[in-house]
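Chemist: So that we are looking at the same thing, I have put the structure below in structure tokens.
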Amino acid sequence: MITAIREVRRAKGMTLDDVARACVPPTTAQTIGRLETGTRTVSVGWLNRIADALGVRAADLVRLPDQPNIPVAALLDPDGAYAPRRSATIAPPVATPDHIAVSVVASIGDYRAGDEIWCERLSPDHFARALNRDVLVPRPAGRFAFGRLIDRDGTRLHLLPLGSGSRQQIVTDPPWIATAVRLVRPL
């Protein structure tokens, strides 16, 4: 199996030791290095542990032979753009069955017309993961609410809409919510 552990780790600015310590249970930097280089076989268990330590999905660490990657031509920081010291690639985003999208047709809040907001659907027992994040919440009669989840009180969700001067909305007992996880913005 070809992995992108090294590329993801470097993109996150983490050392081998950082990843090793973030694993549950912790491991050694040497083990992570061996898994990165392929001198040790990466099992599904290791892939999941490393993905959790890096804060990504395990699928983000696997490179499929036919998966197109985008070469990184430059790095950008406050000092400007410069060439990377080592070659790197970025895997384009891949949708999962839990993803749904919001298409922005008119600018509101931080979102511009033409933006696509990828959201991950969450069941009620995972709503707490969405606190202080933008969420899409289903309402009766095929309507939706979209805004920042600012509080959860039992089965009541408190949303702050994106528009300035808008009043807080309360939605009771939704069957699911979807938290914004990726913004796709055409330039």
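Naming works like this for the structure tokens: A, B, ... for the chains as they're shown, residue 1 at the start of each chain, ligands 1 onward in shown order.
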Using only C-alpha atoms, determine which residues lie at most 8 Å from A:Thr179, disregarding the query and same-chain residues fewer than 3 positions distant; provide the list as a VMD selection string.

Modeler: chain A and resid 119 to 122 130 133 to 136

Chemist: Which neighbours of stretch 156-168 of chain A fall inside 10 Å, counting only C-alpha atoms, when residues of the same chain fewer than 4 positions from it are skipped, and could you give them as number ranges by chain?

Modeler: A: 107-111, 127, 131-137, 145-152, 172-174, 177

Chemist: Go ahead and save the residues from that selection, with C-alpha atoms, as a PDB file, in the first residue's frame.

Modeler:
```
ATOM      1  CA  SER A 107     -22.750  36.541  -0.486  1.00  0.00           C
ATOM      2  CA  ILE A 108     -23.541  36.326   3.226  1.00  0.00           C
ATOM      3  CA  GLY A 109     -21.225  36.460   6.226  1.00  0.00           C
ATOM      4  CA  ASP A 110     -17.808  35.075   5.287  1.00  0.00           C
ATOM      5  CA  TYR A 111     -19.189  33.242   2.257  1.00  0.00           C
ATOM      6  CA  PHE A 127     -23.762  17.235  17.826  1.00  0.00           C
ATOM      7  CA  LEU A 131     -20.133  23.619  18.661  1.00  0.00           C
ATOM      8  CA  ASN A 132     -18.773  26.965  17.397  1.00  0.00           C
ATOM      9  CA  ARG A 133     -18.825  25.692  13.801  1.00  0.00           C
ATOM     10  CA  ASP A 134     -21.091  26.589  10.886  1.00  0.00           C
ATOM     11  CA  VAL A 135     -23.828  23.988  10.484  1.00  0.00           C
ATOM     12  CA  LEU A 136     -26.755  23.128   8.245  1.00  0.00           C
ATOM     13  CA  VAL A 137     -29.824  22.047  10.236  1.00  0.00           C
ATOM     14  CA  ALA A 145     -31.281  26.748   8.920  1.00  0.00           C
ATOM     15  CA  PHE A 146     -27.615  27.597   8.400  1.00  0.00           C
ATOM     16  CA  GLY A 147     -25.451  29.382  10.934  1.00  0.00           C
ATOM     17  CA  ARG A 148     -22.963  29.079  13.777  1.00  0.00           C
ATOM     18  CA  LEU A 149     -23.941  26.512  16.419  1.00  0.00           C
ATOM     19  CA  ILE A 150     -23.398  28.523  19.609  1.00  0.00           C
ATOM     20  CA  ASP A 151     -25.156  26.370  22.203  1.00  0.00           C
ATOM     21  CA  ARG A 152     -26.826  23.037  22.730  1.00  0.00           C
ATOM     22  CA  THR A 172     -35.576  21.572  18.503  1.00  0.00           C
ATOM     23  CA  ASP A 173     -34.721  17.903  18.054  1.00  0.00           C
ATOM     24  CA  PRO A 174     -33.353  17.779  14.471  1.00  0.00           C
ATOM     25  CA  ILE A 177     -26.992  18.319  11.431  1.00  0.00           C
TER      26      ILE A 177
END
```

Chemist: Check the DSSP output for the backbone and give back, as a ChimeraX atom specification, the residues of chain A in helix (DSSP H, G or I).

Modeler: /A:5-11,16-22,29-37,44-54,58-61,124-130,140-142

Chemist: Considering only C-alpha atoms, can you say which of A:Pro68, A:Gly55, A:Gly114, A:Pro175 comes closest to A:Val94?

Modeler: A:Pro68

Chemist: Please provide the set of residues having any atom within 12 Å of A:Ala73, restricted to only C-alpha atoms, with same-chain residues fewer than 6 positions apart removed, written as a PyMOL selection string.

Modeler: chain A and resi 81-90

Chemist: Go ahead and write the selection's residues with N, CA and C atoms as a PDB file, in the first residue's frame.

Modeler:
```pdb
ATOM      1  N   ALA A  81       6.076  33.989  -1.633  1.00  0.00           N
ATOM      2  CA  ALA A  81       6.001  32.645  -2.197  1.00  0.00           C
ATOM      3  C   ALA A  81       7.412  32.150  -2.479  1.00  0.00           C
ATOM      4  N   TYR A  82       7.641  30.869  -2.208  1.00  0.00           N
ATOM      5  CA  TYR A  82       8.953  30.289  -2.448  1.00  0.00           C
ATOM      6  C   TYR A  82       8.804  28.809  -2.769  1.00  0.00           C
ATOM      7  N   ALA A  83       9.820  28.258  -3.418  1.00  0.00           N
ATOM      8  CA  ALA A  83       9.795  26.851  -3.820  1.00  0.00           C
ATOM      9  C   ALA A  83       9.982  25.944  -2.598  1.00  0.00           C
ATOM     10  N   PRO A  84       9.261  24.838  -2.549  1.00  0.00           N
ATOM     11  CA  PRO A  84       9.467  23.890  -1.431  1.00  0.00           C
ATOM     12  C   PRO A  84      10.842  23.243  -1.538  1.00  0.00           C
ATOM     13  N   ARG A  85      11.428  22.888  -0.391  1.00  0.00           N
ATOM     14  CA  ARG A  85      12.738  22.225  -0.373  1.00  0.00           C
ATOM     15  C   ARG A  85      12.646  20.800  -0.886  1.00  0.00           C
ATOM     16  N   ARG A  86      11.510  20.162  -0.624  1.00  0.00           N
ATOM     17  CA  ARG A  86      11.293  18.793  -1.072  1.00  0.00           C
ATOM     18  C   ARG A  86      10.026  18.758  -1.917  1.00  0.00           C
ATOM     19  N   SER A  87       9.997  17.835  -2.854  1.00  0.00           N
ATOM     20  CA  SER A  87       8.781  17.732  -3.672  1.00  0.00           C
ATOM     21  C   SER A  87       7.624  17.256  -2.801  1.00  0.00           C
ATOM     22  N   ALA A  88       6.468  17.783  -3.090  1.00  0.00           N
ATOM     23  CA  ALA A  88       5.264  17.430  -2.333  1.00  0.00           C
ATOM     24  C   ALA A  88       4.066  17.469  -3.269  1.00  0.00           C
ATOM     25  N   THR A  89       3.041  16.749  -2.884  1.00  0.00           N
ATOM     26  CA  THR A  89       1.798  16.766  -3.644  1.00  0.00           C
ATOM     27  C   THR A  89       0.637  16.932  -2.678  1.00  0.00           C
ATOM     28  N   ILE A  90      -0.477  17.352  -3.222  1.00  0.00           N
ATOM     29  CA  ILE A  90      -1.715  17.478  -2.451  1.00  0.00           C
ATOM     30  C   ILE A  90      -2.769  16.626  -3.141  1.00  0.00           C
TER      31      ILE A  90
END
```

Chemist: Would you mind listing what lies within 12 Å of stretch 28-34 of chain A as number ranges by chain, with only C-alpha atoms counted and same-chain residues fewer than 4 positions away left out?

Modeler: A: 3, 5-6, 9, 14-24, 38-42, 46-47, 49-51, 53-54

Chemist: List every residue of chain A that DSSP, applied to the backbone, labels as strand (DSSP E or B), and write the result as a short mmCIF file (atom, residue, chain, number, x, y, z; two decimals) with N, CA, C and O atoms, in the first residue's frame.

Modeler:
```
data_model
loop_
_atom_site.label_atom_id
_atom_site.label_comp_id
_atom_site.auth_asym_id
_atom_site.auth_seq_id
_atom_site.Cartn_x
_atom_site.Cartn_y
_atom_site.Cartn_z
N ILE A 2 0.60 2.17 -0.87
CA ILE A 2 1.35 3.42 -0.93
C ILE A 2 0.64 4.44 -0.05
O ILE A 2 -0.56 4.66 -0.19
N THR A 3 1.39 5.03 0.89
CA THR A 3 0.76 5.99 1.79
C THR A 3 1.28 7.40 1.56
O THR A 3 2.35 7.60 0.96
N VAL A 62 -3.96 7.32 2.24
CA VAL A 62 -3.75 6.25 1.27
C VAL A 62 -3.72 6.84 -0.13
O VAL A 62 -4.59 7.62 -0.50
N ARG A 63 -2.68 6.47 -0.88
CA ARG A 63 -2.59 6.91 -2.27
C ARG A 63 -2.93 5.75 -3.17
O ARG A 63 -2.29 4.70 -3.10
N ILE A 70 -1.94 16.66 -6.99
CA ILE A 70 -1.55 17.95 -7.55
C ILE A 70 -0.18 18.30 -6.98
O ILE A 70 -0.01 18.36 -5.76
N PRO A 71 0.80 18.55 -7.85
CA PRO A 71 2.13 18.90 -7.33
C PRO A 71 2.12 20.28 -6.68
O PRO A 71 1.48 21.21 -7.17
N LEU A 75 5.28 27.41 -1.79
CA LEU A 75 4.75 27.59 -0.45
C LEU A 75 4.57 29.08 -0.23
O LEU A 75 5.35 29.88 -0.73
N LEU A 76 3.54 29.46 0.51
CA LEU A 76 3.22 30.87 0.70
C LEU A 76 3.16 31.17 2.18
O LEU A 76 2.50 30.46 2.94
N ASP A 77 3.84 32.21 2.61
CA ASP A 77 3.77 32.69 3.98
C ASP A 77 3.89 34.21 3.96
O ASP A 77 3.97 34.80 2.87
N GLY A 80 6.26 35.84 1.53
CA GLY A 80 6.07 35.68 0.09
C GLY A 80 5.98 34.23 -0.32
O GLY A 80 5.86 33.32 0.51
N ALA A 81 6.08 33.99 -1.63
CA ALA A 81 6.00 32.64 -2.20
C ALA A 81 7.41 32.15 -2.48
O ALA A 81 8.27 32.91 -2.93
N TYR A 82 7.64 30.87 -2.21
CA TYR A 82 8.95 30.29 -2.45
C TYR A 82 8.80 28.81 -2.77
O TYR A 82 7.80 28.19 -2.44
N THR A 89 3.04 16.75 -2.88
CA THR A 89 1.80 16.77 -3.64
C THR A 89 0.64 16.93 -2.68
O THR A 89 0.77 16.67 -1.48
N ILE A 90 -0.48 17.35 -3.22
CA ILE A 90 -1.71 17.48 -2.45
C ILE A 90 -2.77 16.63 -3.14
O ILE A 90 -2.95 16.73 -4.36
N HIS A 99 -21.03 13.23 3.29
CA HIS A 99 -20.93 14.61 2.82
C HIS A 99 -22.20 15.07 2.11
O HIS A 99 -22.81 14.32 1.35
N ILE A 100 -22.57 16.30 2.39
CA ILE A 100 -23.60 17.00 1.64
C ILE A 100 -23.05 18.40 1.38
O ILE A 100 -22.07 18.80 2.01
N ALA A 101 -23.64 19.13 0.48
CA ALA A 101 -23.08 20.44 0.13
C ALA A 101 -24.12 21.54 0.23
O ALA A 101 -25.32 21.31 0.10
N VAL A 102 -23.61 22.74 0.44
CA VAL A 102 -24.42 23.96 0.40
C VAL A 102 -23.80 24.82 -0.68
O VAL A 102 -22.59 25.07 -0.67
N SER A 103 -24.60 25.26 -1.63
CA SER A 103 -24.13 26.13 -2.70
C SER A 103 -24.55 27.56 -2.39
O SER A 103 -25.73 27.83 -2.18
N ILE A 108 -23.00 36.13 1.88
CA ILE A 108 -23.54 36.33 3.23
C ILE A 108 -22.47 35.92 4.23
O ILE A 108 -21.81 34.89 4.07
N TYR A 111 -19.04 34.00 3.48
CA TYR A 111 -19.19 33.24 2.26
C TYR A 111 -19.53 34.16 1.08
O TYR A 111 -20.28 35.12 1.22
N GLU A 116 -18.81 26.79 -2.52
CA GLU A 116 -19.43 25.51 -2.20
C GLU A 116 -18.94 25.13 -0.80
O GLU A 116 -17.75 25.13 -0.54
N ILE A 117 -19.86 24.84 0.08
CA ILE A 117 -19.53 24.46 1.44
C ILE A 117 -19.79 22.96 1.58
O ILE A 117 -20.93 22.53 1.47
N TRP A 118 -18.74 22.21 1.79
CA TRP A 118 -18.88 20.77 2.00
C TRP A 118 -19.16 20.56 3.47
O TRP A 118 -18.45 21.09 4.33
N CYS A 119 -20.17 19.78 3.75
CA CYS A 119 -20.57 19.53 5.14
C CYS A 119 -20.58 18.04 5.41
O CYS A 119 -20.88 17.24 4.53
N GLU A 120 -20.27 17.70 6.65
CA GLU A 120 -20.30 16.30 7.08
C GLU A 120 -21.51 16.11 7.99
O GLU A 120 -21.65 16.80 9.00
N ARG A 121 -22.38 15.18 7.62
CA ARG A 121 -23.59 14.93 8.38
C ARG A 121 -23.26 14.23 9.70
O ARG A 121 -22.47 13.30 9.73
N LEU A 122 -23.87 14.72 10.80
CA LEU A 122 -23.65 14.16 12.13
C LEU A 122 -24.97 13.70 12.73
O LEU A 122 -25.99 14.38 12.58
N ASP A 134 -19.93 26.34 11.74
CA ASP A 134 -21.09 26.59 10.89
C ASP A 134 -21.75 25.26 10.58
O ASP A 134 -21.07 24.28 10.25
N VAL A 135 -23.09 25.23 10.69
CA VAL A 135 -23.83 23.99 10.48
C VAL A 135 -25.08 24.22 9.64
O VAL A 135 -25.65 25.31 9.63
N LEU A 136 -25.49 23.17 8.96
CA LEU A 136 -26.76 23.13 8.25
C LEU A 136 -27.68 22.25 9.08
O LEU A 136 -27.31 21.14 9.47
N VAL A 137 -28.88 22.77 9.38
CA VAL A 137 -29.82 22.05 10.24
C VAL A 137 -31.15 21.92 9.49
O VAL A 137 -31.72 22.92 9.06
N PRO A 138 -31.67 20.68 9.35
CA PRO A 138 -32.97 20.52 8.69
C PRO A 138 -34.09 21.01 9.60
O PRO A 138 -34.03 20.88 10.82
N PHE A 144 -34.40 24.64 5.84
CA PHE A 144 -33.14 24.46 6.55
C PHE A 144 -32.77 25.74 7.27
O PHE A 144 -33.23 26.83 6.91
N ALA A 145 -31.91 25.60 8.27
CA ALA A 145 -31.28 26.75 8.92
C ALA A 145 -29.78 26.55 8.75
O ALA A 145 -29.28 25.43 8.81
N PHE A 146 -29.06 27.67 8.52
CA PHE A 146 -27.62 27.60 8.40
C PHE A 146 -27.02 28.71 9.24
O PHE A 146 -27.43 29.87 9.13
N GLY A 147 -26.09 28.37 10.10
CA GLY A 147 -25.45 29.38 10.93
C GLY A 147 -24.47 28.75 11.88
O GLY A 147 -24.18 27.55 11.81
N ARG A 148 -23.94 29.54 12.79
CA ARG A 148 -22.96 29.08 13.78
C ARG A 148 -23.69 28.45 14.94
O ARG A 148 -24.57 29.07 15.55
N LEU A 149 -23.36 27.19 15.27
CA LEU A 149 -23.94 26.51 16.42
C LEU A 149 -23.26 27.07 17.67
O LEU A 149 -22.08 26.81 17.91
N ILE A 150 -24.01 27.86 18.46
CA ILE A 150 -23.40 28.52 19.61
C ILE A 150 -23.75 27.86 20.94
O ILE A 150 -23.10 28.12 21.95
N ASP A 151 -24.79 27.03 20.95
CA ASP A 151 -25.16 26.37 22.20
C ASP A 151 -26.03 25.17 21.90
O ASP A 151 -26.73 25.11 20.89
N ARG A 152 -25.97 24.22 22.81
CA ARG A 152 -26.83 23.04 22.73
C ARG A 152 -27.39 22.81 24.11
O ARG A 152 -26.66 22.63 25.08
N ASP A 153 -28.71 22.84 24.20
CA ASP A 153 -29.40 22.70 25.48
C ASP A 153 -30.35 21.52 25.35
O ASP A 153 -31.48 21.68 24.89
N ARG A 156 -32.37 21.12 22.13
CA ARG A 156 -32.50 22.44 21.48
C ARG A 156 -31.13 22.94 21.03
O ARG A 156 -30.18 22.96 21.81
N LEU A 157 -31.05 23.33 19.76
CA LEU A 157 -29.81 23.88 19.21
C LEU A 157 -30.00 25.38 19.01
O LEU A 157 -31.02 25.82 18.48
N HIS A 158 -29.01 26.16 19.42
CA HIS A 158 -29.05 27.61 19.27
C HIS A 158 -28.10 28.00 18.15
O HIS A 158 -26.89 27.76 18.25
N LEU A 159 -28.65 28.61 17.09
CA LEU A 159 -27.86 28.99 15.93
C LEU A 159 -27.79 30.50 15.80
O LEU A 159 -28.80 31.19 15.99
N LEU A 160 -26.62 31.00 15.46
CA LEU A 160 -26.44 32.41 15.16
C LEU A 160 -26.35 32.52 13.64
O LEU A 160 -25.37 32.08 13.04
N PRO A 161 -27.38 33.10 13.00
CA PRO A 161 -27.36 33.21 11.53
C PRO A 161 -26.18 34.06 11.05
O PRO A 161 -25.63 34.86 11.81
N GLN A 169 -31.56 31.72 16.22
CA GLN A 169 -32.61 30.75 15.90
C GLN A 169 -32.45 29.54 16.81
O GLN A 169 -31.33 29.15 17.13
N ILE A 170 -33.58 28.97 17.20
CA ILE A 170 -33.56 27.76 18.02
C ILE A 170 -34.29 26.66 17.24
O ILE A 170 -35.42 26.85 16.79
N VAL A 171 -33.59 25.54 17.07
CA VAL A 171 -34.17 24.39 16.39
C VAL A 171 -34.22 23.25 17.40
O VAL A 171 -33.23 22.95 18.06
N THR A 172 -35.39 22.63 17.52
CA THR A 172 -35.58 21.57 18.50
C THR A 172 -35.56 20.21 17.84
O THR A 172 -36.27 19.98 16.86
N ILE A 177 -27.51 17.02 11.86
CA ILE A 177 -26.99 18.32 11.43
C ILE A 177 -25.78 18.02 10.57
O ILE A 177 -25.25 16.90 10.59
N ALA A 178 -25.34 18.99 9.83
CA ALA A 178 -24.14 18.82 9.00
C ALA A 178 -23.21 19.99 9.27
O ALA A 178 -23.60 21.15 9.12
N THR A 179 -22.00 19.68 9.70
CA THR A 179 -21.03 20.72 10.02
C THR A 179 -20.14 21.01 8.82
O THR A 179 -19.75 20.09 8.09
N ALA A 180 -19.85 22.28 8.60
CA ALA A 180 -18.99 22.69 7.47
C ALA A 180 -17.58 22.17 7.71
O ALA A 180 -17.00 22.39 8.77
N VAL A 181 -17.05 21.44 6.72
CA VAL A 181 -15.70 20.89 6.85
C VAL A 181 -14.74 21.36 5.76
O VAL A 181 -13.54 21.26 5.91
N ARG A 182 -15.26 21.86 4.65
CA ARG A 182 -14.38 22.29 3.55
C ARG A 182 -15.08 23.38 2.75
O ARG A 182 -16.26 23.28 2.44
N LEU A 183 -14.32 24.40 2.41
CA LEU A 183 -14.82 25.49 1.57
C LEU A 183 -14.15 25.40 0.22
O LEU A 183 -12.92 25.38 0.14
N VAL A 184 -14.93 25.30 -0.84
CA VAL A 184 -14.40 25.30 -2.20
C VAL A 184 -14.80 26.64 -2.81
O VAL A 184 -15.99 26.93 -2.95
#
```

Chemist: Please report the interatomic distance between atom CA of A:Ala74 and atom CA of A:Asp52 in Å with one decimal.

Modeler: 27.4 Å

Chemist: What does the structure give for the distance between atom CA of A:Gly142 and atom CA of A:Pro97, in Å to one decimal?

Modeler: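 Computed distance, atom CA of A:Gly142 to atom CA of A:Pro97, equals 20.6 Å.
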
Chemist: Expressed in Å to a single decimal, how great is the separation between atom CA of A:Arg185 and atom CA of A:Ala58?

Modeler: 24.9 Å
